[in-house]
>>> print(open('run_21.txt').read())   # compact mmCIF, C-alpha atoms
# COMPACT_ATOMS: atom_id res chain seq x y z
CA MET A 1 0.00 0.00 0.00
CA GLY A 2 2.66 2.49 1.06
CA ARG A 3 0.40 5.33 2.17
CA VAL A 4 2.15 7.81 4.47
CA ALA A 5 0.70 7.87 7.99
CA VAL A 6 1.54 10.22 10.86
CA VAL A 7 0.72 9.38 14.47
CA THR A 8 1.10 12.16 17.03
CA GLY A 9 2.17 10.94 20.43
CA GLY A 10 3.07 7.83 18.49
CA THR A 11 5.92 6.26 20.46
CA ARG A 12 4.21 5.20 23.69
CA GLY A 13 0.97 3.68 24.91
CA ILE A 14 -1.97 3.86 22.53
CA GLY A 15 0.08 5.79 19.97
CA ARG A 16 2.74 3.09 19.87
CA ALA A 17 0.16 0.37 19.26
CA ILE A 18 -1.36 2.43 16.43
CA SER A 19 2.05 3.08 14.85
CA VAL A 20 2.95 -0.61 14.94
CA ALA A 21 -0.42 -1.69 13.53
CA LEU A 22 -0.03 0.77 10.66
CA LYS A 23 3.47 -0.44 9.87
CA ASP A 24 2.36 -4.07 9.98
CA ALA A 25 -0.37 -3.20 7.45
CA GLY A 26 2.17 -1.71 5.04
CA TYR A 27 1.87 2.00 5.75
CA LYS A 28 4.91 4.29 5.81
CA VAL A 29 4.67 5.52 9.39
CA VAL A 30 6.20 8.52 11.10
CA ALA A 31 5.63 8.73 14.86
CA ASN A 32 5.68 12.08 16.59
CA TYR A 33 6.95 12.57 20.13
CA PHE A 34 8.01 15.49 22.28
CA GLY A 35 8.80 14.76 25.91
CA ASN A 36 10.46 11.38 26.34
CA VAL A 37 13.53 11.23 24.11
CA GLU A 38 14.80 7.92 25.48
CA ALA A 39 11.44 6.21 24.95
CA ALA A 40 11.38 7.47 21.36
CA ARG A 41 14.89 6.19 20.71
CA GLN A 42 13.97 2.79 22.09
CA PHE A 43 10.73 2.78 20.09
CA THR A 44 12.57 3.31 16.81
CA GLU A 45 15.20 0.72 17.73
CA GLU A 46 12.53 -1.88 18.47
CA THR A 47 10.07 -1.14 15.66
CA GLY A 48 12.13 0.43 12.88
CA ILE A 49 9.58 3.27 12.71
CA PRO A 50 11.13 6.75 12.49
CA ALA A 51 10.28 9.07 15.37
CA LEU A 52 10.31 12.82 14.78
CA ARG A 53 10.30 15.34 17.58
CA TRP A 54 8.06 18.39 17.50
CA ASP A 55 5.58 20.20 19.73
CA VAL A 56 2.09 19.52 18.34
CA SER A 57 0.72 22.58 20.15
CA ASN A 58 3.04 24.85 18.14
CA PHE A 59 1.80 25.57 14.61
CA ALA A 60 5.20 26.53 13.24
CA GLU A 61 6.80 23.33 14.52
CA CYS A 62 3.95 21.27 13.05
CA GLU A 63 4.39 23.05 9.72
CA ALA A 64 8.12 22.29 9.62
CA ALA A 65 7.46 18.65 10.54
CA VAL A 66 4.81 18.12 7.85
CA GLN A 67 7.12 19.70 5.27
CA LYS A 68 9.94 17.38 6.28
CA ILE A 69 7.72 14.29 6.24
CA THR A 70 6.35 15.23 2.83
CA HIS A 71 9.87 15.75 1.48
CA ASP A 72 11.28 12.54 2.97
CA HIS A 73 8.34 10.15 2.59
CA GLY A 74 5.58 11.75 0.53
CA PRO A 75 2.34 13.60 1.28
CA VAL A 76 0.50 12.64 4.46
CA GLU A 77 -2.59 10.59 3.60
CA VAL A 78 -3.43 9.23 7.05
CA LEU A 79 -3.32 11.42 10.16
CA ILE A 80 -3.90 10.08 13.66
CA ASN A 81 -4.23 12.90 16.20
CA ASN A 82 -3.40 10.99 19.37
CA ALA A 83 -1.10 13.27 21.39
CA GLY A 84 -2.47 14.21 24.78
CA ILE A 85 -1.55 15.20 28.32
CA THR A 86 -3.31 15.59 31.66
CA ARG A 87 -2.98 18.34 34.25
CA ASP A 88 -5.65 17.25 36.71
CA ALA A 89 -7.15 19.42 39.46
CA THR A 90 -10.57 20.61 40.50
CA LEU A 91 -11.43 23.92 38.87
CA HIS A 92 -11.03 25.97 42.05
CA ARG A 93 -7.45 24.70 42.27
CA MET A 94 -6.61 24.71 38.54
CA SER A 95 -4.16 27.31 37.29
CA TYR A 96 -4.55 28.99 33.92
CA GLN A 97 -1.34 27.28 32.82
CA MET A 98 -2.85 23.85 33.56
CA TRP A 99 -5.89 24.77 31.47
CA GLU A 100 -3.87 26.25 28.61
CA GLU A 101 -1.38 23.38 28.33
CA VAL A 102 -4.10 20.73 28.08
CA ILE A 103 -6.26 22.68 25.63
CA HIS A 104 -3.33 23.45 23.33
CA THR A 105 -1.74 20.00 23.44
CA ASN A 106 -4.95 17.97 23.20
CA LEU A 107 -7.21 20.14 21.02
CA THR A 108 -5.27 22.88 19.25
CA SER A 109 -2.88 20.18 18.03
CA CYS A 110 -5.76 18.63 16.06
CA PHE A 111 -6.29 21.94 14.25
CA ASN A 112 -2.58 22.38 13.64
CA MET A 113 -2.02 18.96 12.10
CA ALA A 114 -5.30 18.71 10.20
CA ARG A 115 -4.90 22.22 8.80
CA LEU A 116 -1.45 21.36 7.46
CA CYS A 117 -2.54 18.07 5.87
CA ILE A 118 -6.09 18.75 4.67
CA GLU A 119 -5.29 20.68 1.47
CA SER A 120 -3.05 17.94 0.11
CA MET A 121 -5.65 15.31 1.02
CA ARG A 122 -8.39 17.27 -0.80
CA ASP A 123 -6.17 17.82 -3.83
CA ARG A 124 -5.35 14.10 -4.05
CA GLY A 125 -8.92 12.97 -3.44
CA PHE A 126 -8.00 10.80 -0.48
CA GLY A 127 -7.47 11.34 3.23
CA ARG A 128 -8.13 9.64 6.52
CA ILE A 129 -8.09 11.58 9.79
CA VAL A 130 -8.77 9.90 13.13
CA ASN A 131 -8.85 12.00 16.29
CA ILE A 132 -8.44 10.24 19.62
CA GLY A 133 -11.02 11.60 22.05
CA SER A 134 -11.95 10.05 25.38
CA ILE A 135 -14.77 8.61 27.44
CA ASN A 136 -14.14 11.59 29.71
CA GLY A 137 -14.93 13.93 26.82
CA GLN A 138 -18.31 12.23 26.54
CA ALA A 139 -19.24 11.74 30.20
CA GLY A 140 -17.03 14.28 32.00
CA GLN A 141 -14.76 13.44 34.91
CA TYR A 142 -14.20 14.97 38.32
CA GLY A 143 -10.97 16.98 38.42
CA GLN A 144 -10.63 17.12 34.63
CA VAL A 145 -12.51 20.15 33.33
CA ASN A 146 -9.53 20.99 31.09
CA TYR A 147 -9.12 17.44 29.74
CA ALA A 148 -12.87 16.87 29.34
CA ALA A 149 -13.28 20.19 27.54
CA ALA A 150 -10.43 19.44 25.14
CA LYS A 151 -11.63 15.91 24.38
CA SER A 152 -15.22 17.01 23.99
CA GLY A 153 -13.97 19.69 21.61
CA ILE A 154 -12.33 16.97 19.54
CA HIS A 155 -15.70 15.33 18.97
CA GLY A 156 -17.23 18.58 17.68
CA PHE A 157 -14.14 19.32 15.58
CA THR A 158 -14.45 15.86 14.03
CA LYS A 159 -18.09 16.28 13.02
CA ALA A 160 -17.54 19.70 11.45
CA LEU A 161 -14.41 18.76 9.51
CA ALA A 162 -16.06 15.54 8.31
CA GLN A 163 -18.71 17.62 6.55
CA GLU A 164 -16.02 19.67 4.82
CA GLY A 165 -13.99 16.69 3.63
CA ALA A 166 -16.68 14.21 2.59
CA ALA A 167 -17.02 15.30 -1.02
CA LYS A 168 -13.27 14.96 -1.51
CA ASN A 169 -13.02 11.40 -0.05
CA VAL A 170 -11.44 12.77 3.12
CA THR A 171 -13.03 11.04 6.10
CA VAL A 172 -12.73 12.38 9.62
CA ASN A 173 -13.68 10.20 12.57
CA ALA A 174 -12.99 10.01 16.28
CA ILE A 175 -12.36 7.21 18.72
CA ALA A 176 -13.32 7.61 22.36
CA PRO A 177 -11.27 5.15 24.40
CA GLY A 178 -12.31 4.15 27.87
CA TYR A 179 -9.72 3.37 30.51
CA VAL A 180 -6.77 1.72 28.76
CA ASP A 181 -3.86 -0.01 30.45
CA THR A 182 -1.22 2.67 29.74
CA ASP A 183 1.33 4.52 31.87
CA MET A 184 -1.22 7.28 32.45
CA VAL A 185 -3.80 4.88 33.87
CA ARG A 186 -1.23 2.86 35.83
CA ALA A 187 -0.42 6.07 37.72
CA VAL A 188 -3.92 6.00 39.24
CA PRO A 189 -3.86 4.76 42.87
CA PRO A 190 -4.72 1.02 43.04
CA ALA A 191 -7.82 1.55 45.19
CA VAL A 192 -9.19 4.07 42.69
CA LEU A 193 -8.33 1.81 39.76
CA GLU A 194 -10.26 -1.07 41.34
CA LYS A 195 -13.35 1.12 41.52
CA ILE A 196 -12.93 2.12 37.87
CA ILE A 197 -12.63 -1.48 36.69
CA ALA A 198 -15.68 -2.43 38.77
CA LYS A 199 -17.72 -0.03 36.59
CA ILE A 200 -16.58 -1.59 33.30
CA PRO A 201 -19.03 -4.29 32.19
CA ALA A 202 -16.26 -6.10 30.27
CA GLY A 203 -14.44 -6.49 33.61
CA ARG A 204 -11.04 -5.24 32.50
CA LEU A 205 -9.08 -2.24 31.33
CA GLY A 206 -8.76 -1.73 27.62
CA ARG A 207 -5.58 -2.61 25.77
CA SER A 208 -3.77 -0.27 23.43
CA GLU A 209 -4.30 -2.83 20.68
CA ASP A 210 -8.07 -2.46 21.11
CA ILE A 211 -7.76 1.16 20.04
CA ALA A 212 -5.34 0.36 17.23
CA ARG A 213 -7.81 -2.13 15.71
CA ALA A 214 -10.49 0.57 15.70
CA VAL A 215 -8.12 2.96 13.94
CA MET A 216 -7.33 0.39 11.25
CA PHE A 217 -11.05 -0.10 10.62
CA LEU A 218 -11.68 3.62 10.15
CA ILE A 219 -8.72 4.37 7.88
CA ALA A 220 -9.29 1.57 5.38
CA ASP A 221 -9.53 2.67 1.75
CA ASN A 222 -13.02 1.14 1.56
CA ALA A 223 -14.23 2.88 4.75
CA ASP A 224 -15.13 5.94 2.73
CA PHE A 225 -18.81 5.95 3.81
CA ILE A 226 -17.91 6.26 7.49
CA THR A 227 -17.24 9.85 8.44
CA GLY A 228 -18.17 12.18 11.28
CA SER A 229 -18.53 9.21 13.62
CA THR A 230 -17.24 8.65 17.13
CA LEU A 231 -16.43 5.02 17.87
CA SER A 232 -16.53 4.29 21.60
CA VAL A 233 -14.08 1.60 22.72
CA ASN A 234 -14.69 1.36 26.45
CA GLY A 235 -15.87 -2.12 27.39
CA GLY A 236 -19.44 -0.87 27.82
CA GLN A 237 -18.57 1.62 30.56
CA HIS A 238 -20.35 4.52 28.88
CA MET A 239 -22.85 4.14 26.05
CA TYR A 240 -23.24 7.41 24.21
>>> encode(input="run_21.txt", output="structure tokens")
Amino acid sequence: MGRVAVVTGGTRGIGRAISVALKDAGYKVVANYFGNVEAARQFTEETGIPALRWDVSNFAECEAAVQKITHDHGPVEVLINNAGITRDATLHRMSYQMWEEVIHTNLTSCFNMARLCIESMRDRGFGRIVNIGSINGQAGQYGQVNYAAAKSGIHGFTKALAQEGAAKNVTVNAIAPGYVDTDMVRAVPPAVLEKIIAKIPAGRLGRSEDIARAVMFLIADNADFITGSTLSVNGGQHMY
């Protein structure tokens, strides 16, 4: 196949699983990272997938990265907006910086990357964009007004952009993962995690591969009639 795919936050957790699934399916994958240089180095060593460092919340850095990827590998045809951070606190204790960092990294990044890839996709008559939302963007979560707002914004962003791209065979969909067994979730205190799992009808945390399989379904060449959708992958925890 050889289509060029970019995965933001693509070297760890859910992003890593998506990057590997894409490579295994024959895509030319570039994984973005920013914070953990050692993890990115190890990721490339283990998978053979190139990892490129840039700040997805910074438009100029995104622009330079997309230009480099296009020059080195070809135009981006598949974009997975997965990068995300948390800065949890109740609103009366949340600083503006905590709000701003989460909104820019989790939501503005989707604008940045989609804006820089959408024209080429429209011109070529093919594009697949998948934005990774969250169960907490659908249902809300105590202590996460910033994260919930950003992830909820992703779902609205997805629906609007899907309408713009549909006539040009550019599909835009979202996935809303539930609680997935990643470093972020493992940092939750064990007693709290037990309560979370007790509320999941499937009786377990999700796996990164569960999300990757959903991505592969949505980006298929013959998935062109699926757009503007949010696919919940949460073990039945929240039905929306």
>>> closest_residue(input="run_21.txt", among="A:Arg12, A:Lys199, A:Arg53, A:Arg213", to="Asn32 in chain A", atoms="only C-alpha atoms")
A:Arg53
>>> residues_near_point(input="run_21.txt", point="(-14.3, 5.4, 7.2)", cutoff="12 Å", atoms="all atoms listed in the file", output="VMD selection string")
chain A and resid 78 126 to 130 162 165 to 166 169 to 175 214 to 231
>>> closest_residue(input="run_21.txt", among="A:Gly140, A:Gly178, A:Gly84, A:Gly35", to="Gly15 in chain A", atoms="all atoms listed in the file")
A:Gly84
>>> closest_residue(input="run_21.txt", among="A:Ile103, A:Ala149, A:Ala212, A:Ala89", to="Val7 in chain A", atoms="only C-alpha atoms")
A:Ala212
>>> closest_residue(input="run_21.txt", among="A:Ile135, A:Ala150, A:Val66, A:Ile211", to="Tyr240 in chain A", atoms="all atoms listed in the file")
A:Ile135
>>> atom_distance(input="run_21.txt", atom1="CA of Gly236 in chain A", atom2="CA of Pro201 in chain A")
5.6 Å
>>> closest_residue(input="run_21.txt", among="A:Ile196, A:Val180, A:Val4, A:Cys110", to="Val233 in chain A", atoms="only C-alpha atoms")
A:Val180
>>> atom_distance(input="run_21.txt", atom1="CA of Ile154 in chain A", atom2="CA of Thr44 in chain A")
28.5 Å
>>> closest_residue(input="run_21.txt", among="A:Phe111, A:Gly26, A:His155, A:Trp54", to="Gly10 in chain A", atoms="only C-alpha atoms")
A:Trp54
>>> residues_around(input="run_21.txt", residues="Glu194 in chain A", least_positions_apart="6", cutoff="12 Å", atoms="only C-alpha atoms", output="ChimeraX atom specification")
/A:179,185-186,188,200,203-205
>>> residues_around(input="run_21.txt", residues="Met94 in chain A", least_positions_apart="4", cutoff="10 Å", atoms="all atoms listed in the file", output="MDAnalysis selection string")
chainID A and resid 87:90 98:99 143:146
>>> atom_distance(input="run_21.txt", atom1="CA of Lys168 in chain A", atom2="CA of Arg3 in chain A")
17.1 Å
>>> build_atoms(input="run_21.txt", residues="range 7-20 of chain A", atoms="N, CA and C atoms", output="PDB file, in the frame of the given file")
ATOM      1  N   VAL A   7       1.383   9.611  13.189  1.00  0.00           N
ATOM      2  CA  VAL A   7       0.720   9.380  14.470  1.00  0.00           C
ATOM      3  C   VAL A   7       1.333  10.325  15.490  1.00  0.00           C
ATOM      4  N   THR A   8       0.560  11.282  15.995  1.00  0.00           N
ATOM      5  CA  THR A   8       1.100  12.160  17.030  1.00  0.00           C
ATOM      6  C   THR A   8       1.051  11.428  18.365  1.00  0.00           C
ATOM      7  N   GLY A   9       2.044  11.705  19.195  1.00  0.00           N
ATOM      8  CA  GLY A   9       2.170  10.940  20.430  1.00  0.00           C
ATOM      9  C   GLY A   9       2.296   9.456  20.107  1.00  0.00           C
ATOM     10  N   GLY A  10       3.093   9.163  19.082  1.00  0.00           N
ATOM     11  CA  GLY A  10       3.070   7.830  18.490  1.00  0.00           C
ATOM     12  C   GLY A  10       4.094   6.840  18.976  1.00  0.00           C
ATOM     13  N   THR A  11       4.839   7.161  20.031  1.00  0.00           N
ATOM     14  CA  THR A  11       5.920   6.260  20.460  1.00  0.00           C
ATOM     15  C   THR A  11       5.623   5.506  21.742  1.00  0.00           C
ATOM     16  N   ARG A  12       4.538   5.869  22.422  1.00  0.00           N
ATOM     17  CA  ARG A  12       4.210   5.200  23.690  1.00  0.00           C
ATOM     18  C   ARG A  12       2.719   4.908  23.773  1.00  0.00           C
ATOM     19  N   GLY A  13       2.359   3.945  24.594  1.00  0.00           N
ATOM     20  CA  GLY A  13       0.970   3.680  24.910  1.00  0.00           C
ATOM     21  C   GLY A  13       0.107   3.400  23.695  1.00  0.00           C
ATOM     22  N   ILE A  14      -1.047   4.054  23.643  1.00  0.00           N
ATOM     23  CA  ILE A  14      -1.970   3.860  22.530  1.00  0.00           C
ATOM     24  C   ILE A  14      -1.315   4.237  21.209  1.00  0.00           C
ATOM     25  N   GLY A  15      -0.576   5.337  21.194  1.00  0.00           N
ATOM     26  CA  GLY A  15       0.080   5.790  19.970  1.00  0.00           C
ATOM     27  C   GLY A  15       1.057   4.765  19.425  1.00  0.00           C
ATOM     28  N   ARG A  16       1.799   4.123  20.310  1.00  0.00           N
ATOM     29  CA  ARG A  16       2.740   3.090  19.870  1.00  0.00           C
ATOM     30  C   ARG A  16       2.004   1.940  19.200  1.00  0.00           C
ATOM     31  N   ALA A  17       0.928   1.482  19.824  1.00  0.00           N
ATOM     32  CA  ALA A  17       0.160   0.370  19.260  1.00  0.00           C
ATOM     33  C   ALA A  17      -0.387   0.729  17.881  1.00  0.00           C
ATOM     34  N   ILE A  18      -0.844   1.980  17.726  1.00  0.00           N
ATOM     35  CA  ILE A  18      -1.360   2.430  16.430  1.00  0.00           C
ATOM     36  C   ILE A  18      -0.233   2.458  15.396  1.00  0.00           C
ATOM     37  N   SER A  19       0.916   3.009  15.777  1.00  0.00           N
ATOM     38  CA  SER A  19       2.050   3.080  14.850  1.00  0.00           C
ATOM     39  C   SER A  19       2.456   1.697  14.368  1.00  0.00           C
ATOM     40  N   VAL A  20       2.537   0.752  15.285  1.00  0.00           N
ATOM     41  CA  VAL A  20       2.950  -0.610  14.940  1.00  0.00           C
ATOM     42  C   VAL A  20       1.915  -1.283  14.038  1.00  0.00           C
TER      43      VAL A  20
END
